[in-house]
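I have placed the structure first, in the form of C-alpha cells, so that the comments after it can refer back to it.
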Amino acid sequence: MSSDEPRLIDSFTAPKEVLQEFAELAEEEDFDPFAETASKRQIAARQSDYHNRRFGRQANESGDAFKATEEGQDVEGGYKEAMRLQMLEKEEQRVRRAIEDKEKQEREEGKDKMDLDRTPPREELMEAAQELAQASGTKRKRRWDVSEPTDENADVKMDDQGEWSEKALEGAAPKKRRSRWDATPADVTNVGETPKRSRWDQAPAPQPEAPLAPIMMNTPGIHADDKHNRYLTDEELNAILPSQGYQIVTPPPGYAPLVRPPTLPPPVTEGFHIQESSDAAAVAAAAGLAPELPTEIPGVGSLAFFKAEDAQYFAKILKEEDETELSVDEMKERKIMRLLLKIKNGTPPVRKTALRQITDKAREFGAGPLFDKILPLLMERTLEDQERHLLVKVIDRVLYKLDDLVRPYVHKILVVIEPLLIDEDYYARVEGREIISNLSKAAGLAHMISTMRPDIDHADEYVRNTTARAFSVVASALGIPSLLPFLKAVCRSKKSWQARHTGIRIVQQIAIMMGCAVLPHLRNLVDCIAHGLQDEQQKVRTMTALALAALAEASAPYGIESFDNVLKPLWVGIRLHRGKSLAAFLKAIGFILPLMDPEYVSYYIKEVTIILIREFQTSDEEMKKIVLKVVQQCAATEGVTPQYIKQDILPDFFKSFWVRRMALDRRNYRQVVETTVELAQKSGVAEIVGRIVNDLKDEAEPYRKMVMETITKVIASLGASDIDERLEVRLVDGIIYAFQEQTTEDQVMLDGFGTVVNALGIRVKPYLTQIVSTILWRLNNKSAKVRQQAADLTTRLAVVIKQCGEDQLLSKLGLVLFEQLGEEYPDTLGSIIAAEGAIANVVGMTQMNPPVKDLLPRMTPILRNRHEKVQEATINLIGRIADRGAEFVPAREWMRICFELLDLLKAHKKGIRRAAVNSFGYIAKSLGPQDVLQVLLTNLRVQERQSRVCSTVAIAIVAETCGPFTCIPAILNEYRTAELNVRTGCLKALTFVFEYVGPQSAYYADSVVTMLEDALTDRDLVHRQTASVIVKHLALGVAGLGCEDSMMHLMNLVWPNCFETSPHVIGAVMEAVEAMRVTLGPGVLLSYVLQGLFHPARKVREVYWRVYNSLYLGASDALVPFYPDLGELSEGQNVYDRHPLQMFI
Amino acid sequence: MSSELRYTANTQLEHLHARYTGTGHADLTKYEWLTHQHRDTLSSIVGHPTLTSYLAIADGEAIGRVKFEMCERMLQPCGPPPAKDD
C-alpha cells in the first residue's frame, strides 16, 4: 500500500487469528478433558446402531403360569397377553408403515399441503386407530375422549388459537416422536377390574410401587430430553430475560392448558419410579440443575465415583430423610438402592460386602423390588463396561437365590441381557450366556418358551436375532432334546416366514455354541430344518444353508449320514441360486464335503467345481471369501486327486486370485494364502512355487509379500526336495531380490528367507557368498531397522552356513558383528548379540572368531543395559560361554560378571531370571563354588524379595552342579545370622537344594536335623512353613534309604503344626505329613491320626479326619493290617471283629 | 473347617476327599467307620491272591468260594446299621 492512497478504514481491529484464539480460549474454559475418554468407555457410544436398537425394546412382565394354575386365578401378563401385545406391536408397525407410504405417495403426487405440521390428517389417524382397535379386539377407549387430549387431536380442534396453542408450543420445542404406549405407565391396580383395556389407552396414573410395574426401557432417553425440553419455570425465565421490555402476557380467553400447567415440573414419565414432587432437590439433580455431584451419600459413605446420570436413579437416597416416616416397602427400596449404588460405584471392599448382602437378602427383598431397580440401570445409555459387569454379576447372584420367584421377570431380564449375547466383547457374551442359562434353569423350559415365543416372529430383526441366540443358550442349559419338539414346530410354522427364519437360526446358534455336543441330536436337528432349503422365502433358504454349514462344522468329522436328506437339495440349489443364497449354499457344501467318504466325495466335488470356477470371477467380496474357503475345503478332502486339482482348478484359480489387487485387502490376502497352501498339499511344492516364483520380482511390494508368505508356508510344511535345479535358481534369486527391495521391514521377508534357505540346506552353498555379502552390506546400513534385520537373518542362517562348510564366512560375520557391539539402538543391539550368540553356538568356543576371551569382557558392560531384549540375548550368550568355554576367560572377569548378574535377578521377564540363575551354576562349576556362593549368600541381605528368592534358587543350582557338600555347610553357617531375611533365605535355599538333589539328601539328612529343629519350633510362622517344605522334600528324597529315625524325629516336630490355620502354613504342613507317609509308611501315620479321629472337640476331629482322608486316599490297601482291632466294641447285631484276619494255619 | 480356610485350596481338598468312598468326616459314626474298614479288609483279601489262597486253606474251602463269600459279606460287613438315637 503506498502512502498517498487514502486510508480505507478509520480504526483497526485485532487480527482475525487473535480473535479466534480468544474465542478458543473462552471455549477451553468449558473444555472437559475427560469427555472423550468417558464416551469411549461408554458401551452405547462405542457400539453400532444395530447394537443400540436394544434401547427401543419394550419389556412386558411374563405371568407365572405355574403359579396361576396352582392358585387357580388368572395372572396378569401371561403368554396370551404377551402374544397379544406382540401382535399389536406388529400391527402398529404395519399401520405406521402404511401411513408413511401414503404420505410419501401424496407428497409425490403434489397433494402435500406443505404445512409445518407433520402430523398426518385426522381421518387417517382415526382410521389407523380403528384398525388398531380392531386388531387388538378390544373396545378401544380413545385418548382424545379423555380429559387430556393428545397433541394430534389438539391441532384439529384448536387450529386458530394463536401462537399459545399447544401446537405452537409443541412445534417450538423439538418434538420427539414417542410411541404412545411408552408414554403412559399403566395403572396396574386397575387392570384386574377391566382386563380388556389395553394399557396404552389409559390416562397417566401415578405409578404405584407395585412389583409388576412395566419397565420402560428407553426411560433415560426420555428423561434426558426432558432435561432440555421441559418447560422453563417463571424463576428461570426471570433469570434469563431482562427485567425491562418484557411483560407477561395473559393467555387468551378460553385457553385451557392442554396437557399440564407449564409452571409445574412435568410429570416424569419414566417407568421405574415417579418422583414425589416434594423431592425438589432430587428433581433438580435429575434435571441437571444441581451443579455439584455428591461425593458422600448418607448411609452409603464415600464412593469411587458418581456420575450425573446416577442422580436420576438414586435420587431418593441422595438426601437425608426421616426414616421413621417411611413404610416398610419404602425402606426396603432405599436399602436396595444403597446396596446397588455401593456395588456399582463403590470401591472394591465396599462393593464386595454389598454384593454379599444383596445376595443373602435376595429372597427377603423379593424379585420385584430388586429387578425394578437393577434393570433400568442396565439400560442406561451412559453405562460403562465395569458397571455393566457388576450389575450383571448382581443379577447372576440374585438369580441363584430367587430361583422360581424370578418367573414374572423373565422377559424383562431377557430384554436387558439378550443384547449382551451379540456384544463385541467376548466376556460380555459369556456373562450373558451364563445369566440366561441360570435364568432358564430357575424358570423352567415351559416358562422360557412361553416368554420368548412372542419374540420369535417379532417385526424387528434385531429382536429375532437376539431371541434366537437366547434360545440356543436355553437349549444348551436344558438340553437339546427338551427343546426339539418346539423347534420342530417353529421351523414348520405356516403363519409367518419370520418364525421359520428364527427357528432355523436357533438351530444355527445351537450348533455354533455347543460344538460337537450336537452330534447325538444331529439327525433330529437336520431334519428339523431340512425343508427350509426349499422354502419360498429366500431369507429362510439362506439361513437354512447357513445353519447346515454350522451343524456340519460342529459335527466334523462325523455325522455325514445325518445330512443325507439335504445333499440333493443343496447340490441342486447351487444351480438355481445366485448371490447371497448361493454363497450360503456353497458355504454349507464346503463344510459338508470334509465329512463325506472319499469314494463319493470326488463326484460331489466335480459337481460343485463348475459353479466355483464360474464364481471365481465374482466381484462380490463376501462371495470371493466363501469361494476360496470352499476351494480350500475341497482340496483338503481325501477324494480329490492331485491330477484333478492341477488340471481343473489351478489354472482358473491362479488367473483369478493371484493378482495384485488381492494383496491389498487384508482378509482376502490371508484367505488366498491359506487356500493356496492347502492346494499345494495336494499338488506339490514345485507346481505352486513354480507358478508364483516369478512374482517375487513383481513391482508391487504387498504382492511380493503375499508371494513370499505363501512360499514360506508351502516350503515349511512340505520341504524343498521337490524343487529342481532351475526352480531353485529362480527361487533364491527372487528371494534375495525381494529381501533387498523391501521398504517396510517386517517379519514376513525375514521368515521367508530363513525358511527357504534352511529347507534347501546344503544346496544353498553356491549362493552363500552373495547372501553374506548382502548381509554385510546391510549391517552397515544407515537405518537401524535394516541393520537389525540383517543381524536377525544371520541368526537364522548360521546353522546352514556351517552345514555348507563356509567357516570363513562365519568368522567374517562374527568379526563384523563384534565391531557393531557399540550399536545404540537397543532392539538392533539385541539382534546383533543374538546373532553373535548363534555363530558362537555353531562354530564352538574354541574356533570362535573373535576369540571368547575378547568377546566376554566386551559383554560385561552391556549387561547393565536395561532393555529386555538386550539383557536376554546377552545372558544367553554369557551362559553359553560359561557352559562351554569358561576356561578361556580369567576368573576375575567371571567374578565381575557374577556381580552384574545379581542385577538381572530383578528382571521382569522370567526367561532372563532363569538364564541368570543358570549362569550362576555354570560359573560356579568352572570357578569352584566358594566365591559364587559367597556372592549369593551376601545377596540374601538385600531388601528386594524377588532378588532374594532368585538368589536362593541360584544357591540351590550351585549345590546341584557342584555337589551339596559344597553348599550345605555354608548355608547352615549363614543360618546362624540373627537376621530374619537371611534365615528365611537360607531355609528357602535348602528347600530348593533338597528338591534338586533328591536321593542324595540321604547323606545330609542328619546334618540338617538340628537346624530344622530350631526352625520348626520357631515362633515365626514363615519359618515353620518353610521348614515344613524342607521336611517334605527331604522325606521324599530319603524314602527307602534308611533315615527313618531322623524322619520320625522331624515328624514329631511337624505334627503339632497341623492345627495351623494360615492357608500357606497348613498347606506346607499337610504336604510334609503326606511325604512322611511315603517315607515312614502309612501304619505309623495312622497311629498318629487315630488319637484324634473321635476327639470330643469338633475342631480337632475336623483336622484329623482331613489327615486321615489324605492318608486313606494315598494308601487305603496298606492301611488294612494297621487298623486297630475293635472287636470289643461289638454290640447287639453289630459285630466289629475282623474274622478273616484272625485265621491262621 | 474353620472359616479362614473356606476360600483356599484346602477346601478343594475336602471336596476332593468327599468324592471318594471310604473317606470320613468329623461326624462319622463308629459304625460307618468300621464298616468301611471291614469292606477295605475284605476287598484287600479278594485283591491279593496269596491272601485268598491262605484263607481258602485255613477254611478248607475253594478259592472261588472264599472270594464269593468275601464279596457277599461286603454288603453289610458289620450287620445292619444301628437305630438312630433321635
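Going through the C-alpha cells in order, the chains are called A, B, and so on, while each chain numbers its residues from 1 and the ligands are numbered from 1 in the order shown.
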
Chain B residues within 6 Å of chain A, counting only C-alpha atoms: which ones, as number ranges by chain?
-> B: 23, 25-26, 41, 58, 78-79

Show which residues sit within 8 Å of segment 67-73 of chain B, as JSON, numbers by chain. Count only C-alpha atoms, and ignore same-chain residues fewer than 6 positions away.
-> {"B": [42, 43, 45, 46, 52]}

Which residues come within 9 Å of His36 of chain B, counting only C-alpha atoms, excluding same-chain residues fewer than 2 positions away, as a count of residues only?
-> 12

Write out as a PDB file with C-alpha atoms, in the first residue's frame which residues come within 8 Å of Thr637 of chain A when counting only C-alpha atoms, dropping same-chain ones fewer than 6 positions away.
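Listing of selection.pdb after writing:
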```pdb
ATOM      1  CA  LEU A 593     -17.600 -82.131   1.988  1.00  0.00           C
ATOM      2  CA  PRO A 594     -14.983 -82.992   4.641  1.00  0.00           C
ATOM      3  CA  PRO A 598     -13.531 -90.464  -0.007  1.00  0.00           C
ATOM      4  CA  VAL A 601     -16.636 -87.041  -2.466  1.00  0.00           C
TER       5      VAL A 601
END
```

Shell around segment 517-532 of chain A at 7 Å using only C-alpha atoms, local window under 6 positions removed, as number ranges by chain | A: 488, 491, 504, 507, 511, 540-541, 544, 555, 562-563, 566

From the DSSP assignment of the backbone, select every residue of segment 12-73 of chain B that is helix (DSSP H, G or I), and format the answer as a count of residues only.
-> 47

Identify, on the basis of only C-alpha atoms, every residue whose closest approach to Val1069 of chain A does not exceed 7 Å; exclude the query and any residue fewer than 2 positions from it along the same chain; express the result as a PyMOL selection string.
-> chain A and resi 1025+1028+1054+1057-1058+1065-1067+1071-1073

Based on the selection just made, write N, CA and C atoms of those residues as a PDB file, in the first residue's frame.
```pdb
ATOM      1  N   GLN A1025       6.676 -72.809  58.215  1.00  0.00           N
ATOM      2  CA  GLN A1025       6.170 -73.190  56.887  1.00  0.00           C
ATOM      3  C   GLN A1025       7.317 -73.652  55.994  1.00  0.00           C
ATOM      4  N   SER A1028       8.740 -76.864  57.009  1.00  0.00           N
ATOM      5  CA  SER A1028       7.885 -77.984  56.616  1.00  0.00           C
ATOM      6  C   SER A1028       8.136 -78.373  55.168  1.00  0.00           C
ATOM      7  N   VAL A1054       6.925 -81.737  63.244  1.00  0.00           N
ATOM      8  CA  VAL A1054       5.986 -81.162  62.272  1.00  0.00           C
ATOM      9  C   VAL A1054       4.555 -81.309  62.775  1.00  0.00           C
ATOM     10  N   ASN A1057       2.040 -78.812  64.280  1.00  0.00           N
ATOM     11  CA  ASN A1057       1.629 -77.679  63.442  1.00  0.00           C
ATOM     12  C   ASN A1057       0.347 -77.944  62.680  1.00  0.00           C
ATOM     13  N   CYS A1058      -0.233 -79.135  62.852  1.00  0.00           N
ATOM     14  CA  CYS A1058      -1.380 -79.450  61.998  1.00  0.00           C
ATOM     15  C   CYS A1058      -2.606 -78.627  62.343  1.00  0.00           C
ATOM     16  N   VAL A1065       0.712 -72.046  55.523  1.00  0.00           N
ATOM     17  CA  VAL A1065       1.370 -72.863  56.532  1.00  0.00           C
ATOM     18  C   VAL A1065       0.722 -74.245  56.576  1.00  0.00           C
ATOM     19  N   ILE A1066      -0.602 -74.264  56.662  1.00  0.00           N
ATOM     20  CA  ILE A1066      -1.266 -75.553  56.798  1.00  0.00           C
ATOM     21  C   ILE A1066      -1.038 -76.391  55.543  1.00  0.00           C
ATOM     22  N   GLY A1067      -0.995 -75.705  54.385  1.00  0.00           N
ATOM     23  CA  GLY A1067      -0.708 -76.434  53.154  1.00  0.00           C
ATOM     24  C   GLY A1067       0.645 -77.111  53.211  1.00  0.00           C
ATOM     25  N   GLU A1071       1.465 -81.183  53.397  1.00  0.00           N
ATOM     26  CA  GLU A1071       2.321 -81.842  52.407  1.00  0.00           C
ATOM     27  C   GLU A1071       3.463 -82.580  53.079  1.00  0.00           C
ATOM     28  N   ALA A1072       4.012 -81.974  54.144  1.00  0.00           N
ATOM     29  CA  ALA A1072       5.085 -82.648  54.872  1.00  0.00           C
ATOM     30  C   ALA A1072       4.576 -83.966  55.459  1.00  0.00           C
ATOM     31  N   VAL A1073       3.355 -83.923  55.995  1.00  0.00           N
ATOM     32  CA  VAL A1073       2.789 -85.140  56.578  1.00  0.00           C
ATOM     33  C   VAL A1073       2.581 -86.199  55.492  1.00  0.00           C
TER      34      VAL A1073
END
```

Extract, using only C-alpha atoms, all DNA, RNA and protein residues at most 8 Å from Gln498 of chain A, discarding same-chain residues fewer than 6 positions from it, and format them as number ranges by chain.
-> A: 456-458

Output N, CA and C atoms of each residue in that selection to a file, as an mmCIF file, in the first residue's frame.
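out.cif was written with the following content:
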```
data_model
loop_
_atom_site.group_PDB
_atom_site.id
_atom_site.type_symbol
_atom_site.label_atom_id
_atom_site.label_comp_id
_atom_site.auth_asym_id
_atom_site.auth_seq_id
_atom_site.Cartn_x
_atom_site.Cartn_y
_atom_site.Cartn_z
ATOM 1 N N ILE A 456 -40.280 -64.490 18.670
ATOM 2 C CA ILE A 456 -39.706 -65.264 17.564
ATOM 3 C C ILE A 456 -40.096 -64.707 16.213
ATOM 4 N N ASP A 457 -41.346 -64.255 16.097
ATOM 5 C CA ASP A 457 -41.694 -63.619 14.819
ATOM 6 C C ASP A 457 -41.941 -62.126 15.024
ATOM 7 N N HIS A 458 -41.150 -61.537 15.853
ATOM 8 C CA HIS A 458 -41.215 -60.099 16.080
ATOM 9 C C HIS A 458 -40.884 -59.378 14.775
#
```

Which residue gives the smallest distance to Asn781 of chain A among A:Cys967, A:Tyr767, A:Thr828, A:Lys713, with only C-alpha atoms counted?
-> A:Thr828

Which of B:Thr50, B:Leu28, B:Thr35, B:Leu16 sits closest to Gln76 of chain B [using only C-alpha atoms] | B:Thr35

Just how far from atom CA of Ser48 of chain A is atom CA of Pro419 of chain A, in Å to one decimal?
->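 So the two atoms, atom CA of Pro419 of chain A and atom CA of Ser48 of chain A, lie 12.1 Å apart.
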
Nearest to Val935 of chain A among A:Ile592, A:Leu972, A:Ile395, A:Met895, with distances taken over only C-alpha atoms: which residue is it?
->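 Answer, going by the shortest atom-to-atom distance: A:Met895.
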